[in-house]
$ cat entry24.tsv   # TSV, C-alpha atoms and all ligand atoms
chain	number	residue	atom	x	y	z
X	1067	VAL	CA	1.50	6.92	-1.16
X	1068	ALA	CA	1.59	10.02	-3.30
X	1069	GLN	CA	-1.64	9.25	-5.10
X	1070	GLU	CA	-3.99	8.77	-2.16
X	1071	ILE	CA	-7.00	10.71	-3.49
X	1072	VAL	CA	-6.90	10.99	-7.27
X	1073	VAL	CA	-9.53	13.16	-8.95
X	1074	VAL	CA	-9.92	12.12	-12.60
X	1075	THR	CA	-12.02	14.32	-14.86
X	1076	GLY	CA	-13.74	12.54	-17.73
X	1077	GLY	CA	-13.15	9.39	-15.70
X	1078	ALA	CA	-16.26	7.48	-16.74
X	1079	ARG	CA	-14.98	5.92	-19.96
X	1080	GLY	CA	-12.02	5.61	-22.33
X	1081	ILE	CA	-8.66	6.87	-21.10
X	1082	GLY	CA	-10.11	8.37	-17.89
X	1083	LEU	CA	-11.68	5.07	-16.86
X	1084	ALA	CA	-8.38	3.23	-17.47
X	1085	ILE	CA	-6.64	5.84	-15.27
X	1086	CYS	CA	-9.19	5.20	-12.49
X	1087	ARG	CA	-8.60	1.44	-12.74
X	1088	ARG	CA	-4.82	1.90	-12.73
X	1089	VAL	CA	-4.65	4.19	-9.70
X	1090	THR	CA	-7.02	2.08	-7.61
X	1091	GLN	CA	-4.90	-0.98	-8.42
X	1092	ALA	CA	-1.97	1.05	-7.03
X	1093	GLY	CA	-3.93	1.53	-3.78
X	1094	ALA	CA	-5.37	5.00	-4.32
X	1095	ARG	CA	-8.94	6.22	-4.14
X	1096	ALA	CA	-10.27	7.45	-7.50
X	1097	VAL	CA	-12.86	10.19	-7.75
X	1098	ILE	CA	-14.58	9.66	-11.10
X	1099	VAL	CA	-15.68	13.08	-12.29
X	1100	ASP	CA	-17.86	13.11	-15.39
X	1101	MET	CA	-20.70	15.21	-16.78
X	1102	ASP	CA	-22.51	11.97	-17.56
X	1103	GLY	CA	-23.57	11.03	-14.03
X	1104	THR	CA	-25.11	7.67	-14.96
X	1105	ARG	CA	-21.93	6.67	-16.80
X	1106	ALA	CA	-19.83	7.79	-13.82
X	1107	GLU	CA	-21.90	5.63	-11.42
X	1108	ALA	CA	-21.53	2.61	-13.71
X	1109	ALA	CA	-17.78	3.23	-13.95
X	1110	ALA	CA	-17.45	3.48	-10.16
X	1111	ALA	CA	-19.33	0.18	-9.76
X	1112	GLU	CA	-16.99	-1.42	-12.31
X	1113	VAL	CA	-13.78	-0.06	-10.76
X	1114	GLY	CA	-14.91	-1.20	-7.29
X	1115	SER	CA	-14.61	-0.05	-3.71
X	1116	GLY	CA	-11.68	2.33	-4.37
X	1117	ALA	CA	-13.80	4.52	-6.63
X	1118	VAL	CA	-16.50	7.11	-6.10
X	1119	ALA	CA	-18.57	8.88	-8.79
X	1120	MET	CA	-19.12	12.64	-8.80
X	1121	PRO	CA	-21.12	14.17	-11.65
X	1122	CYS	CA	-19.76	17.52	-12.82
X	1123	ASP	CA	-19.36	19.45	-16.05
X	1124	VAL	CA	-15.85	20.91	-15.73
X	1125	THR	CA	-16.73	23.84	-17.99
X	1126	ASN	CA	-19.24	25.05	-15.38
X	1127	VAL	CA	-17.42	27.01	-12.67
X	1128	GLY	CA	-20.28	26.63	-10.16
X	1129	GLN	CA	-20.35	22.86	-10.60
X	1130	VAL	CA	-16.56	22.71	-10.19
X	1131	ARG	CA	-16.82	24.65	-6.91
X	1132	ASP	CA	-19.46	22.17	-5.70
X	1133	LEU	CA	-17.23	19.30	-6.79
X	1134	LEU	CA	-14.39	20.59	-4.62
X	1135	LYS	CA	-16.73	20.79	-1.61
X	1136	GLN	CA	-18.03	17.28	-2.25
X	1137	VAL	CA	-14.53	15.80	-2.60
X	1138	GLU	CA	-13.37	17.53	0.60
X	1139	ALA	CA	-16.44	16.34	2.51
X	1140	THR	CA	-16.44	12.71	1.35
X	1141	CYS	CA	-12.78	11.91	0.57
X	1142	GLY	CA	-10.55	14.62	2.05
X	1143	THR	CA	-7.88	16.69	0.30
X	1144	CYS	CA	-7.18	15.75	-3.28
X	1145	THR	CA	-3.52	14.70	-3.60
X	1146	ALA	CA	-3.56	14.22	-7.38
X	1147	LEU	CA	-5.61	15.88	-10.09
X	1148	VAL	CA	-5.80	14.28	-13.51
X	1149	SER	CA	-7.48	16.70	-15.90
X	1150	ASN	CA	-8.39	14.33	-18.70
X	1151	VAL	CA	-11.59	15.75	-20.18
X	1152	GLY	CA	-11.41	16.47	-23.90
X	1153	TRP	CA	-13.52	16.56	-27.02
X	1154	THR	CA	-13.41	17.62	-30.67
X	1155	PRO	CA	-15.47	17.30	-33.82
X	1156	ASP	CA	-13.55	16.38	-36.99
X	1157	LYS	CA	-14.01	19.19	-39.51
X	1158	PRO	CA	-11.99	21.89	-41.28
X	1159	PHE	CA	-11.52	25.14	-39.37
X	1160	LEU	CA	-13.90	27.22	-41.50
X	1161	ASP	CA	-16.67	24.62	-41.11
X	1162	THR	CA	-16.38	24.86	-37.32
X	1163	THR	CA	-19.16	27.09	-36.00
X	1164	LEU	CA	-18.48	29.80	-33.41
X	1165	GLU	CA	-20.49	27.74	-30.90
X	1166	GLU	CA	-18.36	24.65	-31.58
X	1167	GLN	CA	-15.19	26.74	-31.35
X	1168	ALA	CA	-16.19	28.08	-27.94
X	1169	ARG	CA	-17.10	24.60	-26.71
X	1170	ILE	CA	-13.80	23.10	-27.90
X	1171	ILE	CA	-11.82	25.81	-26.09
X	1172	ASP	CA	-13.98	25.40	-22.97
X	1173	VAL	CA	-13.75	21.62	-22.79
X	1174	ASN	CA	-10.09	21.23	-23.72
X	1175	TYR	CA	-8.58	24.29	-22.07
X	1176	ALA	CA	-10.79	26.43	-19.80
X	1177	GLY	CA	-12.22	23.38	-18.00
X	1178	SER	CA	-8.72	22.31	-16.98
X	1179	LEU	CA	-8.07	25.80	-15.61
X	1180	HIS	CA	-11.33	25.68	-13.64
X	1181	VAL	CA	-10.50	22.38	-11.91
X	1182	THR	CA	-6.92	23.51	-11.27
X	1183	ARG	CA	-8.16	26.76	-9.72
X	1184	ALA	CA	-10.43	24.73	-7.44
X	1185	PHE	CA	-8.00	22.08	-6.21
X	1186	LEU	CA	-4.63	23.88	-6.25
X	1187	PRO	CA	-5.08	26.00	-3.07
X	1188	HIS	CA	-5.61	22.85	-0.99
X	1189	MET	CA	-2.54	21.22	-2.53
X	1190	LYS	CA	-0.53	24.33	-1.70
X	1191	ALA	CA	-1.80	24.28	1.87
X	1192	ALA	CA	-0.79	20.61	2.13
X	1193	SER	CA	2.63	21.37	0.49
X	1194	PHE	CA	2.01	18.40	-1.74
X	1195	GLY	CA	0.28	17.65	-5.01
X	1196	ARG	CA	0.44	16.02	-8.38
X	1197	ILE	CA	-1.27	17.49	-11.43
X	1198	VAL	CA	-1.40	15.72	-14.78
X	1199	TYR	CA	-3.08	17.13	-17.89
X	1200	VAL	CA	-4.12	14.88	-20.73
X	1201	SER	CA	-3.36	16.86	-23.88
X	1202	SER	CA	-2.84	15.33	-27.34
X	1203	ASP	CA	-0.16	14.72	-29.93
X	1204	ALA	CA	-2.39	16.88	-32.15
X	1205	ALA	CA	-1.06	19.83	-30.11
X	1206	ARG	CA	2.54	18.93	-30.91
X	1207	VAL	CA	2.30	18.22	-34.63
X	1208	GLY	CA	-1.01	19.68	-35.82
X	1209	VAL	CA	-3.82	17.66	-37.39
X	1210	ALA	CA	-6.10	18.67	-40.28
X	1211	GLY	CA	-9.72	18.68	-39.08
X	1212	GLU	CA	-8.70	19.38	-35.47
X	1213	ALA	CA	-7.23	22.88	-35.65
X	1214	VAL	CA	-9.13	24.50	-32.76
X	1215	TYR	CA	-8.68	21.38	-30.62
X	1216	ALA	CA	-4.94	21.22	-31.35
X	1217	GLY	CA	-4.62	24.90	-30.43
X	1218	ALA	CA	-6.52	24.43	-27.17
X	1219	LYS	CA	-4.46	21.36	-26.26
X	1220	ALA	CA	-1.26	23.31	-27.05
X	1221	ALA	CA	-2.46	26.09	-24.75
X	1222	LEU	CA	-2.85	23.47	-22.05
X	1223	ILE	CA	0.81	22.47	-22.48
X	1224	GLY	CA	1.97	26.10	-22.19
X	1225	PHE	CA	-0.16	26.52	-19.08
X	1226	ALA	CA	1.15	23.32	-17.49
X	1227	LYS	CA	4.80	24.21	-18.07
X	1228	SER	CA	4.28	27.67	-16.55
X	1229	LEU	CA	2.29	26.40	-13.58
X	1230	ALA	CA	4.98	23.78	-12.95
X	1231	VAL	CA	7.47	26.58	-12.27
X	1232	GLU	CA	5.01	28.58	-10.16
X	1233	VAL	CA	4.27	25.71	-7.76
X	1234	ALA	CA	7.56	23.80	-7.77
X	1235	ARG	CA	8.48	25.07	-4.31
X	1236	ASN	CA	5.09	24.01	-2.95
X	1237	GLY	CA	5.85	20.31	-3.42
X	1238	ILE	CA	3.54	20.15	-6.42
X	1239	THR	CA	4.48	18.66	-9.78
X	1240	VAL	CA	2.69	19.43	-13.05
X	1241	ASN	CA	3.11	17.25	-16.12
X	1242	VAL	CA	1.38	16.46	-19.40
X	1243	VAL	CA	0.57	13.19	-21.14
X	1244	CYS	CA	-0.13	13.36	-24.89
X	1245	PRO	CA	-1.93	10.31	-26.21
X	1246	GLY	CA	-1.66	9.41	-29.87
X	1247	SER	CA	-4.65	7.69	-31.52
X	1248	THR	CA	-6.21	5.71	-28.70
X	1249	ASP	CA	-8.90	3.05	-28.90
X	1250	THR	CA	-11.72	4.82	-27.02
X	1251	PRO	CA	-15.38	5.70	-27.69
X	1252	LEU	CA	-14.26	9.23	-28.72
X	1253	LEU	CA	-12.01	7.90	-31.50
X	1254	ASN	CA	-14.58	5.37	-32.62
X	1255	ASP	CA	-17.30	8.07	-32.76
X	1256	LEU	CA	-15.07	10.39	-34.81
X	1257	PHE	CA	-13.71	8.00	-37.41
X	1258	THR	CA	-14.96	5.13	-39.56
X	1259	PRO	CA	-13.33	1.68	-39.21
X	1260	GLU	CA	-11.65	2.32	-42.60
X	1261	GLN	CA	-10.14	5.60	-41.38
X	1262	ILE	CA	-8.93	3.88	-38.21
X	1263	ALA	CA	-7.39	1.03	-40.24
X	1264	LYS	CA	-5.44	3.65	-42.27
X	1265	ARG	CA	-4.12	5.20	-39.08
X	1266	ILE	CA	-2.99	1.82	-37.77
X	1267	LYS	CA	-1.10	1.17	-41.02
X	1268	ILE	CA	1.13	4.22	-40.52
X	1269	HIS	CA	1.87	3.48	-36.84
X	1270	PRO	CA	5.35	2.02	-36.18
X	1271	MET	CA	3.79	-0.62	-33.88
X	1272	ARG	CA	0.80	-1.20	-36.21
X	1273	ARG	CA	-1.77	-0.69	-33.48
X	1274	LEU	CA	-3.64	2.06	-31.69
X	1275	ALA	CA	-2.79	2.96	-28.10
X	1276	GLN	CA	-5.00	1.19	-25.61
X	1277	PRO	CA	-6.37	3.38	-22.78
X	1278	GLU	CA	-4.18	1.37	-20.37
X	1279	ASP	CA	-1.02	2.49	-22.24
X	1280	VAL	CA	-1.92	6.11	-21.48
X	1281	ALA	CA	-3.00	5.32	-17.90
X	1282	SER	CA	0.46	3.87	-17.13
X	1283	ALA	CA	2.15	7.15	-18.08
X	1284	VAL	CA	-0.31	9.13	-15.94
X	1285	ASN	CA	0.27	6.76	-13.03
X	1286	TYR	CA	4.03	7.29	-13.33
X	1287	PHE	CA	3.67	11.08	-13.03
X	1288	ILE	CA	1.55	10.80	-9.88
X	1289	SER	CA	3.74	8.13	-8.29
X	1290	ASP	CA	6.41	8.75	-5.63
X	1291	GLU	CA	9.03	7.81	-8.25
X	1292	ALA	CA	8.27	10.96	-10.26
X	1293	GLY	CA	8.75	13.45	-7.42
X	1294	PHE	CA	11.58	15.32	-9.22
X	1295	VAL	CA	9.91	15.32	-12.63
X	1296	THR	CA	7.87	18.42	-13.44
X	1297	GLY	CA	6.96	20.59	-16.42
X	1298	GLN	CA	7.36	17.63	-18.77
X	1299	VAL	CA	5.38	16.39	-21.75
X	1300	ILE	CA	5.34	12.77	-22.82
X	1301	SER	CA	3.75	11.22	-25.89
X	1302	VAL	CA	2.20	7.78	-25.64
X	1303	SER	CA	1.87	6.83	-29.28
X	1304	GLY	CA	3.90	3.71	-29.98
X	1305	GLY	CA	6.64	5.77	-31.61
X	1306	MET	CA	4.28	7.63	-33.95
X	1307	LEU	CA	5.44	10.99	-32.57
X	1308	ARG	CA	9.15	11.39	-31.95
X	1309	VAL	CA	10.22	14.81	-30.72
X	1310	GLY	CA	13.27	16.07	-28.84
R	1	LIG	N1	-8.86	8.82	-28.03
R	1	LIG	C1	-7.84	9.41	-28.65
R	1	LIG	O1	-7.43	8.99	-29.73
R	1	LIG	C2	-7.18	10.61	-28.04
R	1	LIG	C3	-6.01	11.09	-28.66
R	1	LIG	C4	-5.36	12.19	-28.11
R	1	LIG	C5	-5.86	12.80	-26.97
R	1	LIG	N2	-7.01	12.32	-26.39
R	1	LIG	C6	-7.48	13.01	-25.19
R	1	LIG	O2	-7.59	12.08	-24.14
R	1	LIG	C7	-8.63	12.49	-23.24
R	1	LIG	C8	-9.62	11.35	-23.03
R	1	LIG	O3	-10.17	11.01	-24.30
R	1	LIG	P1	-11.07	9.72	-24.55
R	1	LIG	O4	-10.75	9.27	-25.93
R	1	LIG	O5	-10.95	8.76	-23.41
R	1	LIG	O6	-12.52	10.43	-24.56
R	1	LIG	P2	-14.00	9.82	-24.34
R	1	LIG	O7	-14.94	10.74	-25.07
R	1	LIG	O8	-14.05	8.38	-24.73
R	1	LIG	O9	-14.25	9.98	-22.78
R	1	LIG	C9	-14.29	11.27	-22.23
R	1	LIG	C10	-15.18	11.34	-21.02
R	1	LIG	O10	-15.19	12.72	-20.60
R	1	LIG	C11	-16.52	13.11	-20.30
R	1	LIG	N3	-16.64	14.55	-20.52
R	1	LIG	C12	-16.63	15.21	-21.71
R	1	LIG	N4	-16.78	16.53	-21.50
R	1	LIG	C13	-16.87	16.71	-20.16
R	1	LIG	C14	-17.05	17.85	-19.32
R	1	LIG	N5	-17.16	19.07	-19.85
R	1	LIG	N6	-17.09	17.66	-17.99
R	1	LIG	C15	-16.99	16.43	-17.45
R	1	LIG	N7	-16.87	15.31	-18.19
R	1	LIG	C16	-16.79	15.45	-19.53
R	1	LIG	C17	-17.41	12.30	-21.24
R	1	LIG	O11	-18.72	12.18	-20.71
R	1	LIG	C18	-16.65	10.96	-21.30
R	1	LIG	O12	-17.12	10.06	-20.31
R	1	LIG	C19	-9.25	13.74	-23.88
R	1	LIG	O13	-8.67	14.90	-23.33
R	1	LIG	C20	-8.87	13.62	-25.33
R	1	LIG	O14	-8.85	14.86	-25.98
R	1	LIG	C21	-7.67	11.24	-26.90
$ encode --input "entry24.tsv" --output "C-alpha cells"
Amino acid sequence: VAQEIVVVTGGARGIGLAICRRVTQAGARAVIVDMDGTRAEAAAAEVGSGAVAMPCDVTNVGQVRDLLKQVEATCGTCTALVSNVGWTPDKPFLDTTLEEQARIIDVNYAGSLHVTRAFLPHMKAASFGRIVYVSSDAARVGVAGEAVYAGAKAALIGFAKSLAVEVARNGITVNVVCPGSTDTPLLNDLFTPEQIAKRIKIHPMRRLAQPEDVASAVNYFISDEAGFVTGQVISVSGGMLRVG
C-alpha cells in the first residue's frame, strides 16, 4: 500500500488524530508527532497497535532532525507525510504582537518546511512519497481576526504547488487539504458556543466539519488511487467554500 508509514504532525488530537485513525484502519502505520508528548502517548494508545507516538515541536529544527532519526530507526522510511500542525489566536492584525506573528508563521508555515526538508530526501531516494499539507479555507478567502494565519496558510499552498512540480518525476505527490470550520479543540478554544452556532447557521449543510470528514480527504491523497493527482487543493467545508 502507498501509505505504509504515515507521519502525521499534530496527530494527538482533532483533525490529526482522525487522520491517524483513518490511515491505520486502511492498514498503515501512523507516527503520531506532537509537541504534547503525553497527549501523543494517549492518542497512540487510543488508535491502537498501528500507531506510535513521537514527541516533537515541528518549529524546532533540531527536534525535527531527531524525529527523522527516530522514525527511520523504529519504523523505516516514511512513505507519507501529513503536515497538519496549525494554530492561530483570533484577533485583529494590529492587536497581534510581533511574538505572536512570528509564532503563527513558524507553526503554520516554517514548521511544514522543516518536516518536509527532513523527510523528502528519503522519499526521493525511494522514488516514492506522498505529502499532504493541511492548510485552511482562511487562506483561500481571508478571515477577519486571522490575517497572519491566513497569509501563512496561503504561503503553504504556494509552496506545495511549487514542490509538487519539483518532485513529480521522483514519484512523489504533493497536495493540500483545506478544512472549513471543523469541530476540534482548537475551534472550541477560539470561539464561544454562540459564535460557533452562528457559523453553523451560514453553512449550506448546517453543521461543522467533523475531523473524520477532513481525514477522508487526506486519506484519498495518500492512497494508491491518487497517484496521478498532484499540486491540488481541496476544501472540505460542506459547500461553504466553492472555488474554481
Ligand atoms: N479546526 C478548524 O476549524 C480548522 C479549520 C481550518 C484549518 N484547520 C487546520 O487544521 C489543522 C489541525 O487543526 P485542529 O483543529 O485539529 O487543531 P488542534 O489544536 O485541535 O490540534 C493540533 C495538535 O497539534 C499540536 N501542535 C501544535 N503546535 C505544534 C508544534 N509546533 N509541533 C508539534 N505539534 C504541535 C497540538 O499539541 C495539538 O495536539 C491545523 O493546521 C489547523 O490550522 C483547522
$ residues_near_point --input "entry24.tsv" --point "(-5.3, 12.7, -19.6)" --cutoff "12 Å" --atoms "all atoms listed in the file" --output "ChimeraX atom specification"
/X:1073-1077,1079-1086,1147-1153,1174,1178,1197-1203,1219,1222-1223,1241-1246,1248,1277-1285,1287,1299-1302
$ closest_residue --input "entry24.tsv" --among "X:Leu1252, X:Met1271, X:Ala1210, X:Leu1307" --to "ligand LIG 1 (chain R)" --atoms "only C-alpha atoms and all ligand atoms"
X:Leu1252
$ axis_aligned_box --input "entry24.tsv" --around "ligand LIG 1 (chain R)" --padding-each-side "6 Å" --output "AutoDock Vina command-line options"
--center_x -12.0 --center_y 13.7 --center_z -23.6 --size_x 25.4 --size_y 22.7 --size_z 24.3
$ residues_around --input "entry24.tsv" --residues "X:Glu1138" --least-positions-apart "4" --cutoff "12 Å" --atoms "all atoms listed in the file" --output "PyMOL selection string"
chain X and resi 1071+1073+1097+1131-1134+1142-1145+1184-1185+1188-1189
$ atom_distance --input "entry24.tsv" --atom1 "atom CA of X:Asp1156" --atom2 "atom CA of X:Ala1106"
25.5 Å
$ closest_residue --input "entry24.tsv" --among "X:Ile1238, X:Val1214, X:Ala1168, X:Val1209" --to "X:Pro1187" --atoms "all atoms listed in the file"
X:Ile1238
$ closest_residue --input "entry24.tsv" --among "X:Val1309, X:Ala1275, X:Ile1268, X:Ala1119" --to "ligand LIG 1 (chain R)" --atoms "all atoms listed in the file"
X:Ala1275
$ residues_near_point --input "entry24.tsv" --point "(3.6, 6.0, -9.9)" --cutoff "10 Å" --atoms "all atoms listed in the file" --output "PyMOL selection string"
chain X and resi 1067-1069+1088-1089+1092+1282-1293
$ closest_residue --input "entry24.tsv" --among "X:Ala1226, X:Leu1160, X:Ala1117, X:Ile1170" --to "ligand LIG 1 (chain R)" --atoms "only C-alpha atoms and all ligand atoms"
X:Ile1170
$ atom_distance --input "entry24.tsv" --atom1 "atom CA of X:Gly1128" --atom2 "atom C16 of ligand LIG 1 (chain R)"
15.0 Å
$ closest_residue --input "entry24.tsv" --among "X:Ala1216, X:Val1233, X:Ile1098, X:Ala1139" --to "X:Ile1171" --atoms "all atoms listed in the file"
X:Ala1216
$ closest_residue --input "entry24.tsv" --among "X:Gln1276, X:Thr1296, X:Thr1182, X:Gln1261" --to "X:Thr1125" --atoms "all atoms listed in the file"
X:Thr1182
$ atom_distance --input "entry24.tsv" --atom1 "atom CA of X:Arg1095" --atom2 "atom CA of X:Ala1146"
10.2 Å
$ residues_around --input "entry24.tsv" --residues "X:Ala1213" --least-positions-apart "4" --cutoff "8 Å" --atoms "only C-alpha atoms" --output "ChimeraX atom specification"
/X:1158-1159,1208-1209,1217
